[in-house]
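Single-structure report; data block below.
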Amino acid sequence: MHDVTQDEPPADSGAATGESGSVHVMVSPARTRLVLSGEIDVALAGELAEAVSDAERAALPVEIDARHITFMDSSGVSMLARLAHRTPGRLAMIQPPDVVRFLLEVTRIGEVVDVLDADPGFPENSPEPDNAA
(Lines give C-alpha, C1' and ligand atoms only; values in the text may rest on other atoms or scores of the structure.)
Protein backbone atom coordinates (compact mmCIF):
# COMPACT_ATOMS: atom_id res chain seq x y z
CA MET A 1 0.00 0.00 0.00
CA HIS A 2 1.26 3.45 -0.90
CA ASP A 3 -0.06 6.53 0.88
CA VAL A 4 -0.07 10.05 -0.43
CA THR A 5 -1.41 12.19 2.36
CA GLN A 6 -1.61 15.68 3.72
CA ASP A 7 -3.32 14.70 6.97
CA GLU A 8 -4.09 11.54 8.87
CA PRO A 9 -7.29 9.89 7.59
CA PRO A 10 -10.31 10.36 9.80
CA ALA A 11 -11.21 7.50 12.13
CA ASP A 12 -14.84 8.19 11.24
CA SER A 13 -16.68 10.90 9.37
CA GLY A 14 -15.05 13.45 11.67
CA ALA A 15 -13.57 15.09 8.59
CA ALA A 16 -16.84 17.01 8.43
CA THR A 17 -15.25 19.52 10.80
CA GLY A 18 -13.59 21.27 7.85
CA GLU A 19 -10.19 19.62 8.20
CA SER A 20 -7.89 19.65 5.21
CA GLY A 21 -8.14 16.66 2.92
CA SER A 22 -6.17 13.51 2.39
CA VAL A 23 -5.50 11.06 -0.42
CA HIS A 24 -4.49 7.43 0.09
CA VAL A 25 -3.70 4.97 -2.71
CA MET A 26 -4.11 1.21 -2.27
CA VAL A 27 -3.23 -1.30 -4.98
CA SER A 28 -4.32 -4.94 -5.09
CA PRO A 29 -3.72 -7.48 -7.86
CA ALA A 30 -7.16 -6.66 -9.31
CA ARG A 31 -7.74 -2.93 -8.77
CA THR A 32 -6.58 0.38 -7.37
CA ARG A 33 -8.49 2.28 -4.70
CA LEU A 34 -8.11 5.97 -3.90
CA VAL A 35 -9.45 6.89 -0.48
CA LEU A 36 -10.33 10.57 -0.33
CA SER A 37 -11.39 12.39 2.80
CA GLY A 38 -11.98 15.92 4.02
CA GLU A 39 -11.68 18.85 1.66
CA ILE A 40 -10.56 17.83 -1.84
CA ASP A 41 -9.36 21.15 -3.18
CA VAL A 42 -6.43 23.01 -4.73
CA ALA A 43 -4.39 22.52 -1.53
CA LEU A 44 -4.24 18.81 -2.48
CA ALA A 45 -3.41 19.37 -6.16
CA GLY A 46 0.08 17.86 -5.91
CA GLU A 47 -1.11 14.88 -3.91
CA LEU A 48 -4.02 14.29 -6.31
CA ALA A 49 -1.68 14.42 -9.31
CA GLU A 50 0.66 11.90 -7.65
CA ALA A 51 -2.27 9.59 -6.82
CA VAL A 52 -3.50 9.73 -10.43
CA SER A 53 0.02 8.91 -11.66
CA ASP A 54 0.18 5.94 -9.26
CA ALA A 55 -3.19 4.70 -10.54
CA GLU A 56 -2.13 5.10 -14.17
CA ARG A 57 1.10 3.16 -13.53
CA ALA A 58 -0.84 0.31 -11.90
CA ALA A 59 -2.93 0.01 -15.11
CA LEU A 60 -5.85 -1.50 -13.16
CA PRO A 61 -9.49 -0.50 -12.81
CA VAL A 62 -9.89 2.32 -10.27
CA GLU A 63 -12.41 2.89 -7.52
CA ILE A 64 -12.64 5.93 -5.30
CA ASP A 65 -13.83 5.67 -1.72
CA ALA A 66 -15.62 9.02 -1.43
CA ARG A 67 -17.53 8.44 1.81
CA HIS A 68 -15.54 10.95 3.85
CA ILE A 69 -15.32 13.84 1.37
CA THR A 70 -16.71 17.04 2.89
CA PHE A 71 -15.94 19.44 0.01
CA MET A 72 -14.65 19.19 -3.57
CA ASP A 73 -13.58 21.95 -5.94
CA SER A 74 -12.51 21.91 -9.59
CA SER A 75 -9.17 20.23 -8.78
CA GLY A 76 -11.09 17.20 -7.50
CA VAL A 77 -13.37 17.23 -10.53
CA SER A 78 -10.31 17.40 -12.80
CA MET A 79 -8.80 14.39 -11.03
CA LEU A 80 -12.00 12.40 -11.58
CA ALA A 81 -12.00 13.26 -15.28
CA ARG A 82 -8.36 12.22 -15.67
CA LEU A 83 -8.94 8.91 -13.93
CA ALA A 84 -12.11 8.20 -15.90
CA HIS A 85 -10.30 8.65 -19.20
CA ARG A 86 -6.80 7.31 -18.44
CA THR A 87 -7.37 4.09 -16.51
CA PRO A 88 -8.87 0.79 -17.70
CA GLY A 89 -12.55 0.07 -17.17
CA ARG A 90 -15.11 2.47 -15.79
CA LEU A 91 -14.20 4.57 -12.79
CA ALA A 92 -16.23 3.54 -9.73
CA MET A 93 -17.07 5.88 -6.86
CA ILE A 94 -18.13 4.43 -3.52
CA GLN A 95 -20.91 6.23 -1.66
CA PRO A 96 -20.18 9.81 -2.75
CA PRO A 97 -21.84 12.43 -0.55
CA ASP A 98 -24.43 14.80 -2.02
CA VAL A 99 -21.82 17.52 -2.72
CA VAL A 100 -19.89 15.10 -4.96
CA ARG A 101 -23.02 13.66 -6.59
CA PHE A 102 -24.02 17.23 -7.51
CA LEU A 103 -20.62 17.85 -9.14
CA LEU A 104 -20.84 14.56 -11.06
CA GLU A 105 -24.20 15.67 -12.41
CA VAL A 106 -23.45 19.29 -13.35
CA THR A 107 -20.07 18.49 -14.92
CA ARG A 108 -21.49 15.39 -16.68
CA ILE A 109 -18.54 13.36 -15.38
CA GLY A 110 -21.20 11.15 -13.82
CA GLU A 111 -21.76 9.75 -17.32
CA VAL A 112 -18.37 8.00 -17.14
CA VAL A 113 -18.45 7.09 -13.44
CA ASP A 114 -20.29 4.20 -11.80
CA VAL A 115 -21.68 5.23 -8.40
CA LEU A 116 -21.69 2.35 -5.91
CA ASP A 117 -24.10 2.56 -3.00
CA ALA A 118 -22.20 -0.13 -1.05
CA ASP A 119 -18.49 -0.72 -0.49
CA PRO A 120 -17.45 -3.87 -2.38
CA GLY A 121 -14.54 -4.31 0.05
CA PHE A 122 -10.86 -4.16 -0.69
CA PRO A 123 -8.91 -7.22 0.43
CA GLU A 124 -5.15 -6.85 0.18
CA ASN A 125 -4.86 -9.87 -2.11
CA SER A 126 -8.27 -10.21 -3.69
CA PRO A 127 -8.23 -13.04 -6.26
CA GLU A 128 -9.21 -12.48 -9.86
CA PRO A 129 -12.70 -13.90 -10.57
CA ASP A 130 -11.21 -16.44 -13.01
CA ASN A 131 -8.93 -17.84 -10.28
CA ALA A 132 -11.58 -18.28 -7.61
CA ALA A 133 -11.86 -21.87 -6.40
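Chain labels follow the order of the C-alpha coordinates: the first chain is A, the next B, and so on; residue numbering restarts at 1 in every chain, and ligands are counted from 1 in their shown order.
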
Spatial neighbours of region 30-36 of chain A, max dist 8 Å, only C-alpha atoms, sep filter under 3 positions, as a PyMOL selection string: chain A and resi 21-27+40+51+55+58+60-69+122+126-128

Selection: 12 Å around Thr107 (chain A), only C-alpha atoms, excl. self and same-chain fewer than 5 positions, as a PyMOL selection string: chain A and resi 73-74+76-78+80-81+100-102+112-113

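Remark: for Ala43 (chain A), the closest of the candidate residues A:Ser20, A:Ala84, A:Ser28, A:Pro120 is A:Ser20 (distances computed over only C-alpha atoms).
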
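What separates CA of Pro29 (chain A) from CA of Asp117 (chain A) is a distance of 23.2 Å.
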
A:Met79, A:Asp98, A:Asp119, A:Arg57 ranked by distance to Leu44 (chain A), top pick (using only C-alpha atoms): A:Met79

Strand (DSSP E or B) call set, DSSP backbone run, region 14-107 of chain A, as number ranges by chain: A: 20, 22-27, 32-40, 62-72, 91-94

Counting only C-alpha atoms, the residue of A:Ala49, A:Leu103, A:Val42, A:Ile94 that sits nearest Ser75 (chain A):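 Smallest distance to Ser75 (chain A) is found for A:Val42.
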
For CA of Leu116 (chain A) and CA of Gly89 (chain A), the interatomic separation in Å (one decimal):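 Result for CA of Leu116 (chain A) versus CA of Gly89 (chain A): 14.7 Å, one decimal.
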
Nearest to Leu83 (chain A), chosen from A:Val52, A:Thr70, A:Glu105, A:Val99, with only C-alpha atoms counted in the distances: A:Val52
